[in-house]
>>> print(open('work.cif').read())   # mmCIF, C-alpha atoms
data_upload
#
loop_
_atom_site.label_atom_id
_atom_site.label_comp_id
_atom_site.auth_asym_id
_atom_site.auth_seq_id
_atom_site.Cartn_x
_atom_site.Cartn_y
_atom_site.Cartn_z
CA MET A 685 95.99 84.32 116.08
CA ALA A 686 99.03 82.78 117.76
CA LEU A 687 101.37 85.21 119.53
CA GLY A 688 104.77 84.48 120.98
CA ARG A 689 104.61 82.19 124.02
CA LEU A 690 107.18 84.29 125.83
CA ASN A 691 104.55 87.02 126.09
CA ASP A 692 102.18 84.80 128.08
CA SER A 693 103.80 85.61 131.41
CA ASN A 694 103.61 89.39 131.21
CA PRO A 695 101.90 91.26 134.08
CA THR A 696 98.93 92.38 132.01
CA ARG A 697 97.75 88.76 131.94
CA HIS A 698 96.56 89.54 135.47
CA GLY A 699 94.58 92.61 134.48
CA LEU A 700 97.17 95.25 135.31
CA ALA A 701 97.91 98.11 132.97
CA PRO A 702 101.66 98.66 132.46
CA ALA A 703 101.65 101.90 134.45
CA GLN A 704 100.14 99.99 137.41
CA VAL A 705 102.86 97.36 137.53
CA PRO A 706 105.50 98.10 140.18
CA GLY A 707 108.78 99.11 138.63
CA VAL A 708 107.31 99.90 135.23
CA TYR A 709 107.70 103.43 133.92
CA ALA A 710 104.41 105.23 134.70
CA ALA A 711 103.63 106.76 131.33
CA ASP A 712 101.46 105.85 128.39
CA PRO A 713 103.45 103.13 126.64
CA ARG A 714 101.95 104.05 123.26
CA GLY A 715 103.33 107.58 123.40
CA PRO A 716 101.94 110.93 124.59
CA ARG A 717 98.19 111.09 124.01
CA ALA A 718 98.12 114.58 122.47
CA ALA A 719 100.65 113.59 119.81
CA ARG A 720 98.70 110.43 118.97
CA GLU A 721 95.49 112.46 118.71
CA ALA A 722 97.09 114.84 116.23
CA LEU A 723 98.48 111.92 114.25
CA ALA A 724 95.11 110.11 114.33
CA ALA A 725 93.34 113.17 112.91
CA PHE A 726 95.96 113.46 110.15
CA LEU A 727 95.62 109.80 109.22
CA THR A 728 91.81 109.95 109.36
CA ALA A 729 91.81 112.83 106.92
CA ARG A 730 93.84 110.69 104.55
CA GLY A 731 91.54 107.68 104.77
CA ARG A 732 93.72 105.39 106.88
CA GLY A 733 91.22 104.38 109.55
CA ARG A 734 90.25 100.86 110.54
CA CYS A 735 87.83 99.46 107.99
CA VAL A 736 84.54 97.95 109.01
CA PRO A 737 83.48 95.08 106.75
CA SER A 738 79.84 94.73 105.82
CA ALA A 739 77.85 91.76 107.10
CA ASP A 740 78.75 89.59 104.13
CA GLU A 741 82.44 90.56 104.36
CA SER A 742 82.86 89.93 108.08
CA HIS A 743 86.18 88.37 109.03
CA ALA A 744 85.53 87.85 112.72
CA ALA A 745 87.96 85.44 114.33
CA PRO A 746 86.37 82.00 114.68
CA ALA A 747 85.70 80.59 118.11
CA GLY A 748 87.71 77.66 119.35
CA GLU A 749 91.28 76.68 118.58
CA GLY A 750 93.36 79.51 117.17
CA ALA A 751 91.06 82.28 118.38
CA ILE A 752 92.39 84.66 121.01
CA ALA A 753 90.25 85.16 124.09
CA SER A 754 90.52 88.64 125.57
CA ASP A 755 89.34 90.30 128.73
CA THR A 756 90.34 93.72 127.46
CA ALA A 757 87.96 95.74 125.33
CA VAL A 758 89.32 97.61 122.34
CA ALA A 759 87.78 100.96 121.56
CA SER A 760 86.41 100.73 118.04
CA THR A 761 85.51 104.31 117.38
CA THR A 762 86.93 107.70 118.13
CA ALA A 763 84.70 110.52 119.15
CA ALA A 764 85.78 113.70 117.48
CA SER A 765 86.46 115.23 120.85
CA GLU A 766 89.25 112.63 121.25
CA ALA A 767 90.69 113.29 117.80
CA VAL A 768 91.91 116.77 118.55
CA ALA A 769 93.94 117.87 115.59
CA SER A 770 95.09 121.22 116.98
CA ASP A 771 94.81 123.75 114.19
CA ILE A 772 96.29 121.77 111.33
CA VAL A 773 95.31 123.15 107.95
CA VAL A 774 97.56 121.88 105.22
CA SER A 775 97.81 122.35 101.50
CA GLU A 776 99.37 119.65 99.36
CA ALA A 777 100.67 121.94 96.67
CA ALA A 778 104.13 121.62 95.25
CA ALA A 779 106.36 124.45 96.33
CA SER A 780 108.14 125.11 93.08
CA GLY A 781 108.31 127.76 90.42
CA ALA A 782 106.51 125.54 87.94
CA ALA A 783 102.76 125.60 87.67
CA ALA A 784 101.53 123.64 90.67
CA PRO A 785 98.84 121.00 90.36
CA GLU A 786 95.50 121.65 91.96
CA ALA A 787 96.09 121.77 95.68
CA VAL A 788 94.86 118.92 97.84
CA MET A 789 93.62 120.31 101.12
CA TYR A 790 91.93 119.11 104.25
CA GLU A 791 90.89 120.81 107.43
CA ALA A 792 90.66 118.92 110.70
CA ALA A 793 88.24 120.45 113.18
CA THR A 794 89.66 121.18 116.61
CA SER A 795 86.77 119.84 118.63
CA GLY A 796 83.35 118.28 118.50
CA ALA A 797 83.33 117.38 114.80
CA ALA A 798 82.17 114.03 113.56
CA ALA A 799 84.13 112.24 110.88
CA SER A 800 81.83 113.70 108.25
CA ASP A 801 82.86 117.17 109.33
CA ILE A 802 86.44 116.55 108.23
CA ALA A 803 86.68 117.93 104.70
CA VAL A 804 88.80 115.64 102.59
CA SER A 805 89.42 116.32 98.92
CA GLU A 806 92.15 113.72 98.42
CA ALA A 807 90.66 110.89 96.38
CA ALA A 808 91.04 107.41 97.82
CA PRO A 809 93.63 105.35 95.92
CA ALA A 810 91.27 102.41 95.64
CA ALA A 811 88.30 102.36 93.31
CA ALA A 812 84.99 103.35 94.88
CA GLY A 813 83.38 100.43 96.64
CA SER A 814 86.50 98.28 96.48
CA ARG A 815 86.85 98.19 100.26
CA PRO A 816 84.75 99.26 103.24
CA THR A 817 84.71 102.89 104.27
CA PRO A 818 87.29 103.44 107.02
CA LYS A 819 86.28 104.74 110.40
CA PRO A 820 88.25 107.52 112.05
CA VAL A 821 91.64 106.43 113.32
CA ASP A 822 91.52 105.80 117.04
CA PRO A 823 94.57 107.24 118.83
CA ALA A 824 94.49 104.08 120.96
CA ASP A 825 95.39 102.05 117.85
CA LEU A 826 98.68 103.95 117.39
CA TYR A 827 102.12 103.38 118.88
CA LEU A 828 104.74 106.12 118.58
CA LEU A 829 108.37 105.08 118.42
CA SER A 830 111.66 106.20 116.94
CA SER A 831 111.59 104.37 113.60
CA THR A 832 110.09 101.57 111.55
CA SER A 833 113.24 99.57 112.33
CA GLN A 834 112.29 99.69 115.99
CA ALA A 835 108.74 98.74 115.01
CA TYR A 836 110.00 95.57 113.28
CA SER A 837 111.93 94.65 116.40
CA TRP A 838 108.95 95.15 118.71
CA LEU A 839 106.64 93.17 116.44
CA MET A 840 109.03 90.24 116.18
CA LYS A 841 109.21 90.18 119.98
CA LEU A 842 105.41 90.23 120.10
CA LEU A 843 104.68 87.63 117.43
CA CYS A 844 107.62 85.24 117.59
CA ASP A 845 109.60 83.02 119.90
CA PRO A 846 113.23 82.16 119.13
CA GLY A 847 113.29 79.81 116.15
CA ASP A 848 110.00 81.08 114.72
CA ALA A 849 109.99 82.67 111.28
CA VAL A 850 108.60 85.54 109.27
CA LEU A 851 108.04 85.66 105.52
CA ALA A 852 109.97 88.46 103.80
CA PRO A 853 109.94 89.55 100.14
CA LYS A 854 112.76 89.09 97.66
CA PRO A 855 113.95 91.30 96.10
CA GLY A 856 113.82 93.33 99.23
CA TYR A 857 115.76 95.53 101.59
CA PRO A 858 118.13 93.47 103.81
CA LEU A 859 117.07 95.32 106.97
CA ILE A 860 114.37 92.76 107.79
CA GLU A 861 116.77 89.81 107.91
CA SER A 862 119.24 91.78 110.02
CA ILE A 863 116.62 92.72 112.63
CA ALA A 864 115.20 89.20 112.63
CA ARG A 865 118.63 87.75 113.43
CA LEU A 866 118.92 90.09 116.40
CA GLU A 867 115.58 88.73 117.63
CA CYS A 868 116.66 85.06 117.03
CA VAL A 869 113.95 84.82 114.37
CA ASP A 870 114.40 83.23 110.94
CA THR A 871 113.33 84.81 107.68
CA ILE A 872 111.87 82.74 104.88
CA GLU A 873 111.88 84.48 101.52
CA TYR A 874 109.05 84.67 99.06
CA ARG A 875 109.73 85.89 95.55
CA LEU A 876 108.39 88.81 93.61
CA ARG A 877 108.19 87.95 89.92
CA TYR A 878 108.62 90.26 86.94
CA ASP A 879 106.78 89.95 83.62
CA GLY A 880 106.83 93.59 82.60
CA SER A 881 105.62 94.57 86.05
CA TRP A 882 106.22 93.04 89.45
CA TYR A 883 103.77 90.74 91.19
CA ILE A 884 103.64 88.53 94.30
CA ASP A 885 103.63 84.79 93.65
CA THR A 886 100.70 83.97 95.96
CA ALA A 887 100.84 80.29 94.96
CA GLU A 888 104.36 80.16 96.36
CA LEU A 889 103.14 81.85 99.55
CA ARG A 890 100.49 79.17 100.02
CA GLU A 891 103.08 76.43 99.50
CA LEU A 892 105.30 78.01 102.16
CA LEU A 893 102.44 78.33 104.65
CA ASP A 894 101.35 74.74 104.01
CA GLY A 895 104.90 73.41 103.91
CA PRO A 896 107.18 71.93 106.57
CA ASP A 897 108.08 75.36 107.97
CA GLY A 898 104.49 76.60 108.00
CA GLY A 899 104.06 75.94 111.71
CA ARG A 900 106.97 78.29 112.51
CA ILE A 901 105.70 81.21 110.43
CA ARG A 902 104.20 83.93 112.60
CA ALA A 903 104.09 86.95 110.28
CA LEU A 904 104.19 87.94 106.63
CA VAL A 905 105.97 91.17 105.75
CA LEU A 906 104.53 93.22 102.88
CA ILE A 907 106.38 96.30 101.63
CA ASN A 908 103.79 98.52 99.94
CA PRO A 909 105.36 99.65 97.65
CA ASN A 910 108.35 97.36 97.73
CA ASN A 911 111.91 98.60 97.88
CA PRO A 912 113.67 98.36 95.43
CA SER A 913 111.10 97.03 92.93
CA GLY A 914 108.63 99.87 93.54
CA SER A 915 105.63 97.51 93.25
CA TYR A 916 102.39 98.04 95.16
CA VAL A 917 100.32 95.17 96.55
CA LYS A 918 97.57 94.60 93.98
CA PRO A 919 93.94 94.21 95.11
CA SER A 920 93.75 90.56 94.01
CA GLU A 921 97.04 89.79 95.80
CA ARG A 922 95.79 91.48 98.94
CA GLU A 923 92.56 89.48 98.96
CA ARG A 924 94.40 86.16 98.65
CA ILE A 925 97.09 87.09 101.18
CA VAL A 926 94.61 88.25 103.84
CA ALA A 927 92.63 85.03 103.44
CA MET A 928 95.77 82.86 103.67
CA CYS A 929 97.06 84.69 106.74
CA ARG A 930 93.67 84.44 108.43
CA ASP A 931 93.46 80.70 107.69
CA HIS A 932 96.97 80.05 109.03
CA GLY A 933 96.91 82.39 112.06
CA VAL A 934 99.65 84.59 110.59
CA ALA A 935 99.83 88.35 111.18
CA LEU A 936 100.58 90.97 108.52
CA ILE A 937 103.35 93.54 108.93
CA ALA A 938 102.77 96.20 106.26
CA ASP A 939 105.62 98.64 105.71
CA GLU A 940 104.08 101.59 103.84
CA VAL A 941 106.69 104.29 104.27
CA PHE A 942 106.96 104.87 100.49
CA TYR A 943 103.22 104.65 99.76
CA ASP A 944 102.65 108.34 98.96
CA TYR A 945 105.28 108.40 96.19
CA ALA A 946 103.24 106.95 93.33
CA LEU A 947 105.14 106.79 90.02
CA GLU A 948 103.30 104.55 87.56
CA PRO A 949 100.76 102.69 89.68
CA PHE A 950 97.97 100.39 88.62
CA ASP A 951 94.39 101.30 89.51
CA GLY A 952 92.94 99.99 92.74
CA ASN A 953 96.02 99.90 94.95
CA ALA A 954 95.36 100.81 98.56
CA ARG A 955 97.11 100.97 101.89
CA LEU A 956 96.92 97.98 104.20
CA ALA A 957 96.59 100.35 107.16
CA GLY A 958 93.18 99.65 108.68
CA GLU A 959 92.86 96.15 107.18
CA PRO A 960 90.02 94.41 109.10
CA GLY A 961 90.41 90.82 107.92
CA VAL A 962 93.54 89.75 109.81
CA LEU A 963 95.75 91.13 112.57
CA THR A 964 97.67 93.88 110.76
CA PHE A 965 100.46 96.20 111.85
CA ALA A 966 100.94 99.08 109.39
CA LEU A 967 104.24 100.97 109.66
CA ASP A 968 104.94 104.53 108.59
CA GLY A 969 107.03 107.49 109.70
CA PHE A 970 108.41 110.93 109.06
CA SER A 971 111.76 109.81 107.68
CA LYS A 972 110.26 108.99 104.27
CA MET A 973 107.19 111.22 104.51
CA LEU A 974 109.43 114.28 104.91
CA ALA A 975 112.43 112.82 103.00
CA ALA A 976 114.35 113.62 106.16
CA PRO A 977 116.40 110.68 107.53
CA HIS A 978 117.04 112.60 110.76
CA ALA A 979 113.29 112.89 111.51
CA LYS A 980 113.23 109.79 113.67
CA VAL A 981 109.56 109.39 114.44
CA GLY A 982 107.67 106.32 113.32
CA TRP A 983 104.39 104.67 114.23
CA ILE A 984 102.50 101.40 114.21
CA GLN A 985 98.80 101.38 113.38
CA VAL A 986 97.05 98.21 114.58
CA SER A 987 93.89 96.76 113.01
CA GLY A 988 92.13 93.45 112.50
CA PRO A 989 89.51 91.34 114.28
CA ASP A 990 88.72 92.92 117.64
CA GLY A 991 89.76 89.95 119.75
CA ASP A 992 93.12 89.61 118.04
CA VAL A 993 93.75 93.34 118.23
CA ALA A 994 92.91 93.51 121.94
CA GLU A 995 95.23 90.67 122.91
CA ALA A 996 98.08 91.85 120.67
CA MET A 997 97.92 95.42 121.96
CA ARG A 998 97.71 94.24 125.55
CA ARG A 999 101.03 92.48 125.10
CA LEU A 1000 102.56 95.15 122.86
CA ASP A 1001 101.90 97.68 125.63
CA VAL A 1002 104.34 95.81 127.86
CA ILE A 1003 107.01 95.69 125.17
CA ALA A 1004 106.58 99.40 124.46
CA ASP A 1005 106.67 100.22 128.16
CA ASP A 1006 109.82 98.21 128.74
CA TYR A 1007 111.58 100.33 126.11
CA LEU A 1008 110.10 103.53 127.61
CA PRO A 1009 107.54 105.68 125.80
CA MET A 1010 108.42 108.52 123.48
CA GLY A 1011 109.25 111.65 125.46
CA ASP A 1012 107.25 114.87 125.36
CA ILE A 1013 110.19 116.86 123.95
CA ILE A 1014 109.98 114.92 120.68
CA ALA A 1015 106.24 114.30 120.74
CA ASP A 1016 105.49 118.00 121.07
CA ARG A 1017 107.00 118.56 117.60
CA ILE A 1018 104.72 116.02 115.89
CA PRO A 1019 101.86 118.46 115.08
CA GLU A 1020 104.40 120.81 113.49
CA LEU A 1021 105.85 117.98 111.39
CA LEU A 1022 102.37 116.87 110.35
CA GLU A 1023 101.61 120.39 109.19
CA ALA A 1024 104.72 120.37 106.98
CA ALA A 1025 104.23 116.82 105.67
CA PRO A 1026 101.75 117.28 102.78
CA ALA A 1027 103.67 120.05 101.05
CA GLN A 1028 107.00 118.31 101.56
CA THR A 1029 105.61 115.00 100.30
CA ALA A 1030 104.26 116.78 97.22
CA ARG A 1031 107.67 118.34 96.51
CA VAL A 1032 109.40 114.99 96.76
CA ARG A 1033 106.74 113.30 94.62
CA ASP A 1034 107.17 115.93 91.91
CA ARG A 1035 110.95 115.46 92.05
CA VAL A 1036 110.90 111.67 91.72
CA ARG A 1037 108.26 111.67 88.98
CA GLY A 1038 110.21 114.30 87.04
CA ASN A 1039 113.45 112.37 87.37
CA LEU A 1040 111.80 109.13 86.26
CA ALA A 1041 110.51 110.87 83.13
CA LEU A 1042 114.00 112.32 82.55
CA LEU A 1043 115.54 108.87 82.99
CA ARG A 1044 113.23 107.38 80.38
CA ARG A 1045 114.04 110.14 77.88
CA ILE A 1046 117.78 109.63 78.31
CA LEU A 1047 117.56 105.85 77.98
CA ASP A 1048 115.24 106.06 74.95
CA ALA A 1049 117.71 108.40 73.21
CA ASP A 1050 120.77 106.26 73.97
CA PRO A 1051 121.86 104.71 70.66
CA ALA A 1052 123.48 101.71 72.35
CA GLY A 1053 120.29 100.75 74.19
CA LEU A 1054 122.21 98.64 76.68
CA VAL A 1055 120.58 100.00 79.83
CA THR A 1056 116.85 99.81 80.57
CA VAL A 1057 114.68 100.67 83.57
CA LEU A 1058 112.21 98.24 85.08
CA ARG A 1059 108.68 99.47 85.69
CA ALA A 1060 108.41 101.14 89.10
CA GLU A 1061 104.93 101.85 90.46
CA GLY A 1062 105.95 103.79 93.55
CA GLY A 1063 108.75 104.84 95.87
CA TRP A 1064 111.86 106.83 95.06
CA ASN A 1065 114.24 104.15 93.80
CA VAL A 1066 114.33 102.38 90.45
CA LEU A 1067 116.12 99.32 89.13
CA LEU A 1068 118.29 99.66 86.05
CA ARG A 1069 118.98 96.56 83.97
CA VAL A 1070 122.53 96.46 82.62
CA PRO A 1071 124.20 93.68 80.59
CA SER A 1072 124.66 90.71 82.89
CA VAL A 1073 128.31 90.36 81.83
CA VAL A 1074 128.97 93.63 83.67
CA ASP A 1075 130.03 92.89 87.22
CA GLU A 1076 127.74 94.82 89.58
CA ASN A 1077 130.44 95.48 92.15
CA ALA A 1078 132.92 96.67 89.52
CA LEU A 1079 130.27 98.94 88.01
CA THR A 1080 129.42 100.49 91.38
CA LEU A 1081 133.09 101.08 92.21
CA ARG A 1082 133.77 102.57 88.77
CA LEU A 1083 130.87 104.98 89.19
CA ILE A 1084 132.29 106.11 92.52
CA ASP A 1085 135.93 106.39 91.42
CA ALA A 1086 135.49 107.87 87.94
CA TYR A 1087 132.22 109.77 88.14
CA ARG A 1088 131.57 110.49 91.84
CA PHE A 1089 128.16 108.87 91.47
CA THR A 1090 126.82 105.71 93.00
CA GLY A 1091 124.02 103.20 93.07
CA GLN A 1092 123.46 99.91 94.86
CA PRO A 1093 124.27 96.59 93.19
CA GLY A 1094 121.35 94.28 92.62
CA TYR A 1095 122.70 91.47 94.79
CA PHE A 1096 122.30 93.82 97.76
CA PHE A 1097 118.54 93.21 97.40
CA ASP A 1098 118.88 89.51 96.44
CA MET A 1099 117.91 90.01 92.82
CA PRO A 1100 117.58 86.59 91.13
CA THR A 1101 120.32 87.22 88.55
CA SER A 1102 123.22 89.62 88.01
CA GLY A 1103 122.99 92.81 85.96
CA TYR A 1104 120.98 95.21 88.13
CA LEU A 1105 121.73 98.61 89.63
CA ALA A 1106 119.38 100.42 92.02
CA VAL A 1107 119.51 104.22 91.75
CA SER A 1108 117.74 106.95 93.66
CA LEU A 1109 115.33 109.40 92.03
CA LEU A 1110 115.89 111.99 94.77
CA PRO A 1111 118.82 114.08 93.44
CA GLU A 1112 118.38 117.50 91.88
CA PRO A 1113 117.49 116.99 88.20
CA GLU A 1114 120.82 118.28 86.91
CA GLU A 1115 122.76 116.00 89.23
CA PHE A 1116 120.46 113.09 88.45
CA GLU A 1117 121.00 113.54 84.70
CA ARG A 1118 124.75 113.62 85.23
CA GLY A 1119 124.50 110.38 87.18
CA VAL A 1120 122.42 108.59 84.56
CA ARG A 1121 124.85 109.58 81.83
CA ALA A 1122 127.67 108.35 84.07
CA VAL A 1123 126.01 104.92 84.25
CA LEU A 1124 125.77 104.77 80.45
CA ALA A 1125 129.38 105.82 80.06
CA ALA A 1126 130.62 103.37 82.68
CA VAL A 1127 128.75 100.46 81.08
CA ASP A 1128 130.19 101.35 77.64
CA ASP A 1129 133.71 101.60 79.09
CA MET A 1130 133.45 98.23 80.85
CA LEU A 1131 132.12 96.46 77.76
CA GLU A 1132 134.93 97.86 75.64
CA ALA A 1133 137.67 96.99 78.14
#
>>> encode(input="work.cif", output="structure tokens")
Amino acid sequence: MALGRLNDSNPTRHGLAPAQVPGVYAADPRGPRAAREALAAFLTARGRGRCVPSADESHAAPAGEGAIASDTAVASTTAASEAVASDIVVSEAAASGAAAPEAVMYEAATSGAAASDIAVSEAAPAAAGSRPTPKPVDPADLYLLSSTSQAYSWLMKLLCDPGDAVLAPKPGYPLIESIARLECVDTIEYRLRYDGSWYIDTAELRELLDGPDGGRIRALVLINPNNPSGSYVKPSERERIVAMCRDHGVALIADEVFYDYALEPFDGNARLAGEPGVLTFALDGFSKMLAAPHAKVGWIQVSGPDGDVAEAMRRLDVIADDYLPMGDIIADRIPELLEAAPAQTARVRDRVRGNLALLRRILDADPAGLVTVLRAEGGWNVLLRVPSVVDENALTLRLIDAYRFTGQPGYFFDMPTSGYLAVSLLPEPEEFERGVRAVLAAVDDMLEA
């Protein structure tokens, strides 16, 4: 796995930990240990540990050219005494007046418990046997930071030199390109296609990796599920992508902040967190988990072949240390936020699923039938298809001026054609219904004008 050449000269190449280097802030660059232990226990209970492939599925990095030599051992397991979860006992029941679904609960032991002692009743999203059983999450595999935006920046510093490139999905959120520009890194788009549901054109990905720019590509960004299309990475796509990235020495950056908000998913989807086959950086955080934009705590979970992981984390430690570790004042609140997360996630999931069902009822009953919704498998945004003769900018401005409601025009996400409007499923149902009816009225008005 090729990492950025600019990282070759960092002090840890000489065997020094960041805290031992003169002038470097003497604190754990990955964030306070107690907070990472609590987070590791939470993630373990939800099946997000590093996966261990069986003998016939081994993806060990080959020796020779392209393999990373490392003199730093990576801890591969976590004794339960390290994964102290404090006294977290959470119930994933919706807090609403309606009849709540059966609660999903787990209890993380406070000390001395093996992974089998953690009671987990949340079914894995992937079919049984579809991927190796994950090991407990090692706190050493986690980096705490302020946001996934910061995580993108750190990872581009780690993986790329100026002029290198990352593959980014289209349609997609423009944040990736903006951060890449700040890091003097190019983005090369790969398309998601729609044929009644969204899918990744893996043939196009292979052409890009084998093409004239293939030597500059250092990472492939997967949004799982994508924003705004709401599409999860399918098992067959994942298998092909991991193999291609492994063959080309390209890392995976998996943004999974919307993963828990399943709407209409296909069977077999799974997180990329813990992927063993290629160097993988899975991103998540409280901002989406709690539907609280002000909750600025994110994390990176690192997995992959041991040699690649060891070398990447050795260099990422220096980057994290240069930007100073998360302070104890914030980190001390992490166990409290983790305790609140399951119930809050369940409330948001109930809201967005209910609003999607409401949206479909309204659109099905509309006699004009001019507005449709594209299938969304997960997340909390959906794409509406409006007549392409309707200018997206004019529609958005009309919604704001006349109806005090808004969405985002499709071109904002680089949709391939005009005639799209992205809307949020988060509003209160009454307000959401008012907004949907405003879209229908605005489209009718603009077509009649």
>>> resolve_selection(input="work.cif", expression="the PyMOL selection byres ((chain A and resi 724) around 7)", output="PyMOL selection string")
chain A and resi 720-723+725-728+767+821-823
>>> closest_residue(input="work.cif", among="A:Val1002, A:Leu1124, A:Met1010, A:Ala927", to="Ala1049 of chain A", atoms="all atoms listed in the file")
A:Leu1124
>>> resolve_selection(input="work.cif", expression="the PyMOL selection byres ((chain A and resi 849-865) around 7)", output="short mmCIF file (atom, residue, chain, number, x, y, z; two decimals) with C-alpha atoms, in the coordinates of the input")
data_model
loop_
_atom_site.label_atom_id
_atom_site.label_comp_id
_atom_site.auth_asym_id
_atom_site.auth_seq_id
_atom_site.Cartn_x
_atom_site.Cartn_y
_atom_site.Cartn_z
CA SER A 837 111.93 94.65 116.40
CA GLY A 847 113.29 79.81 116.15
CA ASP A 848 110.00 81.08 114.72
CA LEU A 866 118.92 90.09 116.40
CA GLU A 867 115.58 88.73 117.63
CA CYS A 868 116.66 85.06 117.03
CA VAL A 869 113.95 84.82 114.37
CA ASP A 870 114.40 83.23 110.94
CA THR A 871 113.33 84.81 107.68
CA ILE A 872 111.87 82.74 104.88
CA GLU A 873 111.88 84.48 101.52
CA TYR A 874 109.05 84.67 99.06
CA ARG A 875 109.73 85.89 95.55
CA LEU A 876 108.39 88.81 93.61
CA ARG A 900 106.97 78.29 112.51
CA ILE A 901 105.70 81.21 110.43
CA ARG A 902 104.20 83.93 112.60
CA ALA A 903 104.09 86.95 110.28
CA LEU A 904 104.19 87.94 106.63
CA VAL A 905 105.97 91.17 105.75
CA ASN A 910 108.35 97.36 97.73
CA ASN A 911 111.91 98.60 97.88
CA PRO A 912 113.67 98.36 95.43
CA PHE A 1097 118.54 93.21 97.40
CA ASP A 1098 118.88 89.51 96.44
CA MET A 1099 117.91 90.01 92.82
#
>>> atom_distance(input="work.cif", atom1="atom CA of Ala1126 of chain A", atom2="atom CA of Asp1048 of chain A")
17.4 Å
>>> residues_near_point(input="work.cif", point="(106.7, 99.1, 114.3)", cutoff="9 Å", atoms="all atoms listed in the file", output="PyMOL selection string")
chain A and resi 827-829+831-839+937+939+965-968+982-985
>>> residues_around(input="work.cif", residues="Asn1077 of chain A", least_positions_apart="4", cutoff="9 Å", atoms="only C-alpha atoms", output="ChimeraX atom specification")
/A:1081-1082,1092-1093
>>> closest_atom_pairs(input="work.cif", of="segment 1009-1075 of chain A", to="segment 1083-1091 of chain A", cutoff="12 Å", atoms="all atoms listed in the file", output="JSON lines")
{"residue": "A:Asn1065", "atom": "CA", "partner": "A:Gly1091", "partner_atom": "CA", "distance": 9.9}
{"residue": "A:Val1066", "atom": "CA", "partner": "A:Gly1091", "partner_atom": "CA", "distance": 10.1}
{"residue": "A:Leu1067", "atom": "CA", "partner": "A:Gly1091", "partner_atom": "CA", "distance": 9.6}
{"residue": "A:Leu1068", "atom": "CA", "partner": "A:Gly1091", "partner_atom": "CA", "distance": 9.7}
>>> write_last_selection(input="work.cif", atoms="C-alpha atoms", output="PDB file, keeping the file's coordinate frame")
ATOM      1  CA  ASN A1065     114.240 104.150  93.800  1.00  0.00           C
ATOM      2  CA  VAL A1066     114.330 102.380  90.450  1.00  0.00           C
ATOM      3  CA  LEU A1067     116.120  99.320  89.130  1.00  0.00           C
ATOM      4  CA  LEU A1068     118.290  99.660  86.050  1.00  0.00           C
TER       5      LEU A1068
END
>>> closest_residue(input="work.cif", among="A:Leu956, A:Ile884, A:Val934, A:Leu974", to="Asn908 of chain A", atoms="all atoms listed in the file")
A:Leu956
>>> closest_residue(input="work.cif", among="A:Arg955, A:Arg1037, A:Lys819, A:Arg1045", to="Gly1063 of chain A", atoms="only C-alpha atoms")
A:Arg1037
>>> atom_distance(input="work.cif", atom1="atom CA of Val1074 of chain A", atom2="atom CA of Phe1096 of chain A")
15.6 Å
>>> residues_around(input="work.cif", residues="segment 1109-1119 of chain A", least_positions_apart="3", cutoff="7 Å", atoms="all atoms listed in the file", output="list in words")
Arg1035, Val1036, Asn1039, Leu1040, Trp1064, Asn1065, Phe1089, Ala1122 and Val1123 of chain A
>>> resolve_selection(input="work.cif", expression="the PyMOL selection byres ((chain A and resi 845) around 7)", output="ChimeraX atom specification")
/A:688-690,844,846-848
>>> residues_around(input="work.cif", residues="Leu947 of chain A", least_positions_apart="5", cutoff="7 Å", atoms="all atoms listed in the file", output="ChimeraX atom specification")
/A:1037,1060-1062
>>> closest_residue(input="work.cif", among="A:Ile1018, A:Val981, A:Met997, A:Leu1058", to="Trp882 of chain A", atoms="all atoms listed in the file")
A:Leu1058
>>> atom_distance(input="work.cif", atom1="atom CA of Leu906 of chain A", atom2="atom CA of Pro1100 of chain A")
18.8 Å
>>> decode(input="work.cif", residues="segment 720-735 of chain A", atoms="C-alpha atoms", output="compact mmCIF listing (two decimals), in the first residue's frame")
# COMPACT_ATOMS: atom_id res chain seq x y z
CA ARG A 720 -11.69 5.28 23.09
CA GLU A 721 -12.30 2.28 25.34
CA ALA A 722 -15.92 3.29 25.86
CA LEU A 723 -16.34 3.85 22.13
CA ALA A 724 -14.65 0.52 21.31
CA ALA A 725 -17.05 -1.35 23.60
CA PHE A 726 -20.02 0.41 21.99
CA LEU A 727 -18.83 -0.45 18.48
CA THR A 728 -18.01 -4.04 19.46
CA ALA A 729 -21.54 -4.52 20.74
CA ARG A 730 -22.81 -3.39 17.35
CA GLY A 731 -20.60 -5.74 15.37
CA ARG A 732 -18.10 -3.23 13.98
CA GLY A 733 -14.85 -4.95 14.92
CA ARG A 734 -12.00 -5.86 12.60
CA CYS A 735 -12.91 -8.98 10.67
